[in-house]
$ cat input20.tsv   # TSV, C-alpha atoms
chain	number	residue	atom	x	y	z
A	1	MET	CA	-36.13	74.31	64.46
A	2	ASP	CA	-35.10	71.24	66.36
A	3	ASN	CA	-35.56	69.44	69.63
A	4	ALA	CA	-34.09	72.36	71.58
A	5	ASP	CA	-36.97	74.53	70.34
A	6	ALA	CA	-39.47	71.78	71.11
A	7	PHE	CA	-38.00	71.41	74.57
A	8	GLY	CA	-38.42	75.16	75.11
A	9	TYR	CA	-42.12	74.86	74.34
A	10	TRP	CA	-42.40	71.81	76.62
A	11	LEU	CA	-40.88	73.81	79.48
A	12	GLU	CA	-43.14	76.78	78.80
A	13	PHE	CA	-46.17	74.50	79.12
A	14	PHE	CA	-44.98	73.52	82.60
A	15	THR	CA	-44.43	77.19	83.44
A	16	ILE	CA	-48.01	77.99	82.43
A	17	ILE	CA	-49.35	75.02	84.40
A	18	SER	CA	-47.36	76.04	87.48
A	19	ARG	CA	-49.21	79.37	87.59
A	20	TYR	CA	-52.45	77.42	88.09
A	21	GLU	CA	-51.33	74.90	90.71
A	22	THR	CA	-52.13	75.67	94.32
A	23	PRO	CA	-49.55	75.51	97.13
A	24	GLU	CA	-51.53	72.61	98.59
A	25	GLU	CA	-51.20	70.71	95.29
A	26	ARG	CA	-47.50	71.49	94.90
A	27	GLU	CA	-46.32	70.85	98.46
A	28	PRO	CA	-46.56	67.03	98.52
A	29	PHE	CA	-44.43	66.89	95.36
A	30	LEU	CA	-41.64	69.36	96.18
A	31	GLY	CA	-38.52	68.16	94.42
A	32	GLN	CA	-40.59	66.00	92.06
A	33	LYS	CA	-42.64	66.31	88.91
A	34	LEU	CA	-46.35	66.63	89.52
A	35	PRO	CA	-48.26	63.42	88.80
A	36	ASP	CA	-49.76	63.23	85.30
A	37	LYS	CA	-53.27	62.99	86.78
A	38	LEU	CA	-52.82	66.35	88.53
A	39	ILE	CA	-51.25	67.94	85.43
A	40	LYS	CA	-54.21	66.68	83.38
A	41	ASP	CA	-56.68	68.14	85.89
A	42	ILE	CA	-54.95	71.53	85.90
A	43	ILE	CA	-54.90	71.63	82.08
A	44	ASP	CA	-58.48	70.43	81.62
A	45	ASN	CA	-60.01	72.69	84.24
A	46	ARG	CA	-57.76	75.74	84.54
A	47	CYS	CA	-55.28	76.49	81.79
A	48	TYR	CA	-56.18	74.78	78.51
A	49	ASN	CA	-57.14	78.08	76.86
A	50	GLU	CA	-53.88	79.73	77.89
A	51	LEU	CA	-51.84	76.83	76.47
A	52	PHE	CA	-53.77	77.05	73.20
A	53	GLU	CA	-53.35	80.84	73.04
A	54	TYR	CA	-49.63	80.50	73.75
A	55	VAL	CA	-48.99	78.12	70.83
A	56	SER	CA	-51.22	80.19	68.56
A	57	LYS	CA	-48.94	83.21	69.11
A	58	GLN	CA	-45.71	81.31	68.34
A	59	ASN	CA	-46.00	81.36	64.53
A	60	SER	CA	-44.64	77.83	64.47
A	61	ARG	CA	-46.07	74.49	63.41
A	62	LEU	CA	-43.71	72.93	65.93
A	63	ALA	CA	-45.48	74.60	68.85
A	64	PHE	CA	-48.72	72.83	67.85
A	65	PHE	CA	-46.94	69.48	67.42
A	66	VAL	CA	-45.41	69.76	70.87
A	67	LEU	CA	-48.65	70.81	72.55
A	68	GLY	CA	-50.39	67.83	70.96
A	69	ALA	CA	-47.69	65.46	72.23
A	70	PHE	CA	-47.77	67.12	75.66
A	71	LEU	CA	-51.55	66.78	76.03
A	72	MET	CA	-51.59	63.17	74.84
A	73	ASN	CA	-48.67	62.33	77.15
A	74	VAL	CA	-50.75	63.19	80.23
A	75	GLY	CA	-54.21	62.30	78.84
A	76	ALA	CA	-55.51	65.89	78.84
A	77	LYS	CA	-58.35	67.14	76.66
A	78	MET	CA	-57.72	68.14	73.05
A	79	SER	CA	-60.26	70.38	71.35
A	80	GLN	CA	-61.37	69.65	67.82
A	81	ASP	CA	-59.90	73.00	66.76
A	82	LEU	CA	-56.47	72.05	68.09
A	83	ARG	CA	-56.69	68.56	66.60
A	84	GLU	CA	-57.51	70.04	63.17
A	85	LYS	CA	-54.62	72.52	63.36
A	86	ILE	CA	-52.16	69.78	64.30
A	87	LEU	CA	-53.40	67.54	61.48
A	88	ASP	CA	-53.20	70.39	58.99
A	89	TYR	CA	-49.73	71.50	60.11
A	90	SER	CA	-48.44	67.92	60.08
A	91	SER	CA	-49.61	67.33	56.51
A	92	TRP	CA	-46.94	66.01	54.16
A	93	LYS	CA	-47.48	69.08	51.91
A	94	TYR	CA	-45.37	71.08	54.38
A	95	GLU	CA	-42.69	68.42	54.56
A	96	GLU	CA	-42.05	67.05	51.10
A	97	ASN	CA	-39.80	69.82	49.79
A	98	GLN	CA	-37.81	70.45	52.96
A	99	LEU	CA	-35.81	67.31	53.47
A	100	SER	CA	-32.74	66.07	51.67
A	101	GLU	CA	-32.25	63.10	54.00
A	102	ASN	CA	-34.23	61.07	56.51
A	103	ILE	CA	-37.34	61.35	54.30
A	104	GLU	CA	-38.60	57.82	54.94
A	105	GLU	CA	-37.85	58.08	58.65
A	106	ARG	CA	-39.71	61.39	58.84
A	107	LYS	CA	-42.69	59.99	56.90
A	108	LYS	CA	-42.89	57.09	59.35
A	109	HIS	CA	-42.76	59.31	62.45
A	110	LEU	CA	-45.14	61.87	60.98
A	111	SER	CA	-47.63	59.19	59.97
A	112	ASP	CA	-47.48	57.64	63.45
A	113	PHE	CA	-47.96	61.05	65.09
A	114	ARG	CA	-50.92	61.91	62.84
A	115	LYS	CA	-52.60	58.56	63.62
A	116	LYS	CA	-52.22	59.20	67.33
A	117	VAL	CA	-53.73	62.69	66.99
A	118	LYS	CA	-56.64	61.42	64.85
A	119	ASN	CA	-57.46	58.56	67.22
A	120	TYR	CA	-56.76	60.35	70.49
A	121	LYS	CA	-59.43	60.10	73.18
A	122	ASP	CA	-59.39	62.62	76.01
A	123	GLY	CA	-58.36	61.01	79.28
A	124	VAL	CA	-56.31	58.24	77.67
A	125	LYS	CA	-52.55	58.71	77.92
A	126	ILE	CA	-50.51	58.05	74.81
A	127	LYS	CA	-46.81	57.48	75.24
A	128	PHE	CA	-44.53	57.97	72.29
A	129	SER	CA	-41.66	55.72	71.38
A	130	ILE	CA	-38.61	57.67	72.37
A	131	VAL	CA	-36.60	58.47	69.28
A	132	ASP	CA	-34.56	61.23	70.83
A	133	THR	CA	-34.70	62.35	74.42
A	134	ILE	CA	-33.66	65.66	75.89
A	135	ALA	CA	-33.40	66.02	79.62
A	136	SER	CA	-32.72	69.19	81.51
A	137	ARG	CA	-32.88	70.29	85.11
A	138	ASN	CA	-35.24	73.19	85.63
A	139	GLY	CA	-35.83	73.99	89.26
A	140	ASP	CA	-37.10	70.85	90.90
A	141	HIS	CA	-38.18	69.02	87.72
A	142	THR	CA	-36.45	66.89	85.12
A	143	PHE	CA	-38.30	66.84	81.81
A	144	TYR	CA	-38.02	64.42	78.92
A	145	LEU	CA	-39.28	65.24	75.46
A	146	PRO	CA	-40.67	61.99	74.06
A	147	ILE	CA	-40.75	62.70	70.35
A	148	ASN	CA	-38.20	63.58	67.69
A	149	PHE	CA	-38.74	66.95	66.04
A	150	ARG	CA	-35.11	67.44	65.05
A	151	ILE	CA	-35.27	66.10	61.51
A	152	ILE	CA	-37.67	68.70	60.17
A	153	ASP	CA	-38.01	72.46	60.05
A	154	THR	CA	-41.42	72.94	61.60
A	155	SER	CA	-41.44	76.72	61.59
$ encode --input "input20.tsv" --output "C-alpha cells"
Amino acid sequence: MDNADAFGYWLEFFTIISRYETPEEREPFLGQKLPDKLIKDIIDNRCYNELFEYVSKQNSRLAFFVLGAFLMNVGAKMSQDLREKILDYSSWKYEENQLSENIEERKKHLSDFRKKVKNYKDGVKIKFSIVDTIASRNGDHTFYLPINFRIIDTS
C-alpha cells in the first residue's frame, strides 16, 4: 500500500460526495473543486454513513487513515466509532515489525496523526503538513493528498 492507494480512496470519497450534491450546488463551481464548507455540509448531513460503510468494506487500515485525514481536512464530523477505529489501526503494534527503514520518521508522522485524531473537534479544519503530495486531474477537479502513507504497509 502506498500513496497511490490512499489517493484512490481520496478520489472515491469525492465520487461518493458527488452523488449527494445537487445541480444547484455544483453549477457555481463548474471547473473547480467544491468549497470545503459545502463538502463538509454534504458529508455531515447526507453521506457520512456511506463514507463510513465504504471504508469498512475495504479491509484496509489505510482506508480509515485516509477517511480520517479527509474529514479533518474539511472540518466534517467524525463519530466516536470512527475515531476509535483510526486510533486502534494507527497503533504502533501494527507498525513496529513492518519497517526496515524510516522507523523514526514513521513514528513521528504516526504520533502527529494520532494526536490530531484524538484532539479533533468537529467543524474545525485541520491541515496536515505536506510530506508527499499527489495531484491528479479527474474531471474538473485537481486533488492533493496531504499526508504521507507511502512508508508503511497499512493493509
$ residues_around --input "input20.tsv" --residues "Phe14 of chain A" --least-positions-apart "3" --cutoff "10 Å" --atoms "all atoms listed in the file" --output "ChimeraX atom specification"
/A:9-11,17-19,33-34,39,51,70,141,143
$ closest_residue --input "input20.tsv" --among "A:Val74, A:Ala69, A:Ile16, A:Val117" --to "Pro35 of chain A" --atoms "all atoms listed in the file"
A:Val74
$ residues_around --input "input20.tsv" --residues "segment 123-126 of chain A" --least-positions-apart "2" --cutoff "6 Å" --atoms "all atoms listed in the file" --output "ChimeraX atom specification"
/A:72-76,121
$ write_last_selection --input "input20.tsv" --atoms "C-alpha atoms" --output "compact mmCIF listing (two decimals), in the coordinates of the input"
# COMPACT_ATOMS: atom_id res chain seq x y z
CA MET A 72 -51.59 63.17 74.84
CA ASN A 73 -48.67 62.33 77.15
CA VAL A 74 -50.75 63.19 80.23
CA GLY A 75 -54.21 62.30 78.84
CA ALA A 76 -55.51 65.89 78.84
CA LYS A 121 -59.43 60.10 73.18
$ closest_residue --input "input20.tsv" --among "A:Ala4, A:Leu30, A:Leu87, A:Leu67" --to "Ile43 of chain A" --atoms "only C-alpha atoms"
A:Leu67
$ closest_residue --input "input20.tsv" --among "A:Phe65, A:Asp36, A:Thr22, A:Asp81" --to "Asp5 of chain A" --atoms "all atoms listed in the file"
A:Phe65
$ decode --input "input20.tsv" --residues "segment 21-68 of chain A" --atoms "N, CA and C atoms" --output "CSV table (one decimal), in the first residue's frame"
chain,number,residue,atom,x,y,z
A,21,GLU,N,-24.5,15.8,-4.1
A,21,GLU,CA,-24.6,17.3,-4.4
A,21,GLU,C,-25.7,17.5,-5.4
A,22,THR,N,-26.3,18.6,-5.2
A,22,THR,CA,-27.4,19.0,-6.2
A,22,THR,C,-26.8,19.8,-7.3
A,23,PRO,N,-27.6,19.8,-8.5
A,23,PRO,CA,-27.1,20.6,-9.6
A,23,PRO,C,-26.9,22.1,-9.2
A,24,GLU,N,-27.8,22.5,-8.4
A,24,GLU,CA,-27.7,23.9,-7.9
A,24,GLU,C,-26.5,24.2,-7.1
A,25,GLU,N,-26.0,23.2,-6.3
A,25,GLU,CA,-24.8,23.4,-5.6
A,25,GLU,C,-23.6,23.3,-6.5
A,26,ARG,N,-23.6,22.4,-7.5
A,26,ARG,CA,-22.5,22.1,-8.3
A,26,ARG,C,-22.2,23.3,-9.3
A,27,GLU,N,-23.3,23.8,-9.9
A,27,GLU,CA,-23.2,24.7,-11.0
A,27,GLU,C,-22.3,25.9,-10.8
A,28,PRO,N,-22.4,26.6,-9.7
A,28,PRO,CA,-21.5,27.8,-9.5
A,28,PRO,C,-20.0,27.4,-9.4
A,29,PHE,N,-19.7,26.1,-9.3
A,29,PHE,CA,-18.3,25.7,-9.1
A,29,PHE,C,-17.8,24.8,-10.3
A,30,LEU,N,-18.5,24.8,-11.4
A,30,LEU,CA,-18.1,24.0,-12.6
A,30,LEU,C,-16.6,24.3,-12.9
A,31,GLY,N,-15.8,23.3,-13.1
A,31,GLY,CA,-14.4,23.5,-13.4
A,31,GLY,C,-13.6,23.8,-12.1
A,32,GLN,N,-14.2,23.7,-11.0
A,32,GLN,CA,-13.5,24.0,-9.7
A,32,GLN,C,-13.9,22.9,-8.7
A,33,LYS,N,-13.0,22.8,-7.6
A,33,LYS,CA,-13.4,22.0,-6.5
A,33,LYS,C,-14.4,22.7,-5.7
A,34,LEU,N,-15.4,21.9,-5.1
A,34,LEU,CA,-16.4,22.5,-4.3
A,34,LEU,C,-15.7,23.1,-3.1
A,35,PRO,N,-16.2,24.2,-2.5
A,35,PRO,CA,-15.6,24.7,-1.3
A,35,PRO,C,-15.7,23.7,-0.1
A,36,ASP,N,-14.7,23.8,0.8
A,36,ASP,CA,-14.7,22.9,1.9
A,36,ASP,C,-16.0,22.9,2.7
A,37,LYS,N,-16.5,24.1,2.9
A,37,LYS,CA,-17.8,24.3,3.7
A,37,LYS,C,-18.9,23.5,3.1
A,38,LEU,N,-19.0,23.5,1.8
A,38,LEU,CA,-20.1,22.7,1.1
A,38,LEU,C,-19.8,21.2,1.2
A,39,ILE,N,-18.5,20.8,1.0
A,39,ILE,CA,-18.2,19.4,1.2
A,39,ILE,C,-18.5,19.0,2.6
A,40,LYS,N,-18.2,19.8,3.6
A,40,LYS,CA,-18.5,19.4,5.0
A,40,LYS,C,-20.0,19.3,5.2
A,41,ASP,N,-20.8,20.2,4.7
A,41,ASP,CA,-22.2,20.1,4.8
A,41,ASP,C,-22.8,18.8,4.2
A,42,ILE,N,-22.3,18.5,3.0
A,42,ILE,CA,-22.8,17.3,2.3
A,42,ILE,C,-22.4,16.0,3.1
A,43,ILE,N,-21.2,16.0,3.6
A,43,ILE,CA,-20.7,14.8,4.4
A,43,ILE,C,-21.6,14.8,5.7
A,44,ASP,N,-21.6,15.9,6.5
A,44,ASP,CA,-22.3,15.9,7.7
A,44,ASP,C,-23.8,15.5,7.7
A,45,ASN,N,-24.4,16.0,6.6
A,45,ASN,CA,-25.9,15.9,6.5
A,45,ASN,C,-26.4,14.8,5.5
A,46,ARG,N,-25.5,14.3,4.6
A,46,ARG,CA,-26.1,13.4,3.6
A,46,ARG,C,-25.3,12.1,3.4
A,47,CYS,N,-24.0,12.1,3.5
A,47,CYS,CA,-23.3,10.9,3.1
A,47,CYS,C,-22.3,10.4,4.1
A,48,TYR,N,-22.3,10.8,5.3
A,48,TYR,CA,-21.3,10.3,6.3
A,48,TYR,C,-21.4,8.8,6.4
A,49,ASN,N,-22.6,8.3,6.6
A,49,ASN,CA,-22.8,6.8,6.7
A,49,ASN,C,-22.2,6.0,5.5
A,50,GLU,N,-22.4,6.5,4.3
A,50,GLU,CA,-21.9,5.8,3.2
A,50,GLU,C,-20.4,5.9,3.1
A,51,LEU,N,-19.8,7.0,3.5
A,51,LEU,CA,-18.3,7.0,3.6
A,51,LEU,C,-17.8,6.0,4.6
A,52,PHE,N,-18.4,5.9,5.7
A,52,PHE,CA,-18.0,5.0,6.8
A,52,PHE,C,-18.2,3.6,6.3
A,53,GLU,N,-19.3,3.3,5.7
A,53,GLU,CA,-19.6,1.9,5.2
A,53,GLU,C,-18.5,1.6,4.1
A,54,TYR,N,-18.2,2.5,3.2
A,54,TYR,CA,-17.2,2.3,2.2
A,54,TYR,C,-15.9,1.8,2.8
A,55,VAL,N,-15.4,2.6,3.7
A,55,VAL,CA,-14.0,2.2,4.3
A,55,VAL,C,-14.1,0.9,5.1
A,56,SER,N,-15.3,0.7,5.7
A,56,SER,CA,-15.4,-0.6,6.5
A,56,SER,C,-15.3,-1.8,5.6
A,57,LYS,N,-15.7,-1.7,4.3
A,57,LYS,CA,-15.7,-2.8,3.4
A,57,LYS,C,-14.3,-3.0,2.7
A,58,GLN,N,-13.4,-2.1,2.9
A,58,GLN,CA,-12.1,-2.1,2.2
A,58,GLN,C,-11.1,-3.1,2.7
A,59,ASN,N,-11.3,-3.6,3.9
A,59,ASN,CA,-10.3,-4.5,4.6
A,59,ASN,C,-8.9,-3.9,4.6
A,60,SER,N,-8.8,-2.6,4.9
A,60,SER,CA,-7.6,-1.9,4.9
A,60,SER,C,-7.5,-0.8,6.0
A,61,ARG,N,-6.5,-0.9,6.8
A,61,ARG,CA,-6.3,0.2,7.8
A,61,ARG,C,-6.1,1.5,7.1
A,62,LEU,N,-5.5,1.5,5.9
A,62,LEU,CA,-5.2,2.7,5.2
A,62,LEU,C,-6.5,3.5,4.9
A,63,ALA,N,-7.6,2.8,4.5
A,63,ALA,CA,-8.8,3.4,4.2
A,63,ALA,C,-9.3,4.3,5.3
A,64,PHE,N,-9.2,3.7,6.6
A,64,PHE,CA,-9.6,4.5,7.7
A,64,PHE,C,-8.7,5.7,8.0
A,65,PHE,N,-7.4,5.5,7.8
A,65,PHE,CA,-6.5,6.7,7.9
A,65,PHE,C,-6.9,7.8,7.0
A,66,VAL,N,-7.1,7.4,5.7
A,66,VAL,CA,-7.4,8.4,4.7
A,66,VAL,C,-8.7,9.1,5.0
A,67,LEU,N,-9.7,8.3,5.4
A,67,LEU,CA,-11.0,9.0,5.7
A,67,LEU,C,-10.9,10.0,6.9
A,68,GLY,N,-10.1,9.6,7.9
A,68,GLY,CA,-9.8,10.5,9.0
A,68,GLY,C,-9.2,11.8,8.5
